[in-house]
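Enquirer: Have a look at this one.
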Amino acid sequence: DMILFLEDPVNDSHVLAYLPGLGHIYGLFCSWPASVGAGLLRVILILMSLVFGCWFGRQVVHHRFLRNFCGLQMFSECNGTLFIMGFSCVGSLLVGCVAYNVIMGTWELDGGMGMTMRDFCRMAQCCSVTADIISILMIWDAIFQDTHYYKNFMPRFKK
């Protein structure tokens, strides 16, 4: 993915970043209003959205639909719960953004991120490199702890 970032012409674009969905959630968390009442409303909506998203993702989507109704083995017991809860939290945060805009009477959270695409791409590159490094370290950790499949790989290090 690093070659993609190096060759992509959007990296050098000086237009403002407008990303529907991601920009809405970014604005909800990162661009706070000047008034205390609007800030308190945001905190309440964020907390309500996260609690509802976790509950809905775990109880309704995971337990009732994927595990019980569809009978998918990959979702037996509580397997995959955090993944489903994460997606449902994103959806509930988007609903929270719409609720904030309706209550305030303005479309303050509109997908604009307040930065250029160049800055956003640099931020995305840093996140991508960090995720790659974490993945590499997790794989190394699994290999170094394994004594069944990779028992002859670096035996002195495993002692």
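Numbering starts fresh at 1 for the residues of each chain in the structure tokens, the chains themselves are lettered A, B, ... in the order given, and ligands are numbered from 1 as they appear.
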Once DSSP has gone over the backbone, tell me which residues of chain A are in strand (DSSP E or B), as a count of residues only.
Expert: 8
Enquirer: What's around Thr116 in chain A at 8 Å? Count only C-alpha atoms, leave out sequence neighbours fewer than 4 positions away in its own chain, and write the answer as a list in words.
Expert: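 In the requested form, the answer reads Ser13, His14, Val15, Leu16, Ala17 and Phe120 of chain A.
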Enquirer: Report as a ChimeraX atom specification: the residues of chain A with a DSSP assignment of alpha helix (DSSP H), based on the backbone of this structure.
Expert: /A:2-7,22-30,36-55,81-104,117-145,155-158
Enquirer: With a distance cut-off of 6 Å and only C-alpha atoms, select the neighbouring residues of Gly23 in chain A, excluding the residue or stretch itself and same-chain residues fewer than 2 positions from it, and output the selection as a list in words.
Expert: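 Counting only the stated atoms, we get Leu19, Pro20, Gly21, Ile25, Tyr26, Gly27, Gly111, Gly112 and Met113 of chain A.
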Enquirer: Provide the CA of Ala34 in chain A to CA of Leu50 in chain A distance in Å, to one decimal place.
Expert: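 It comes out at 23.3 Å.
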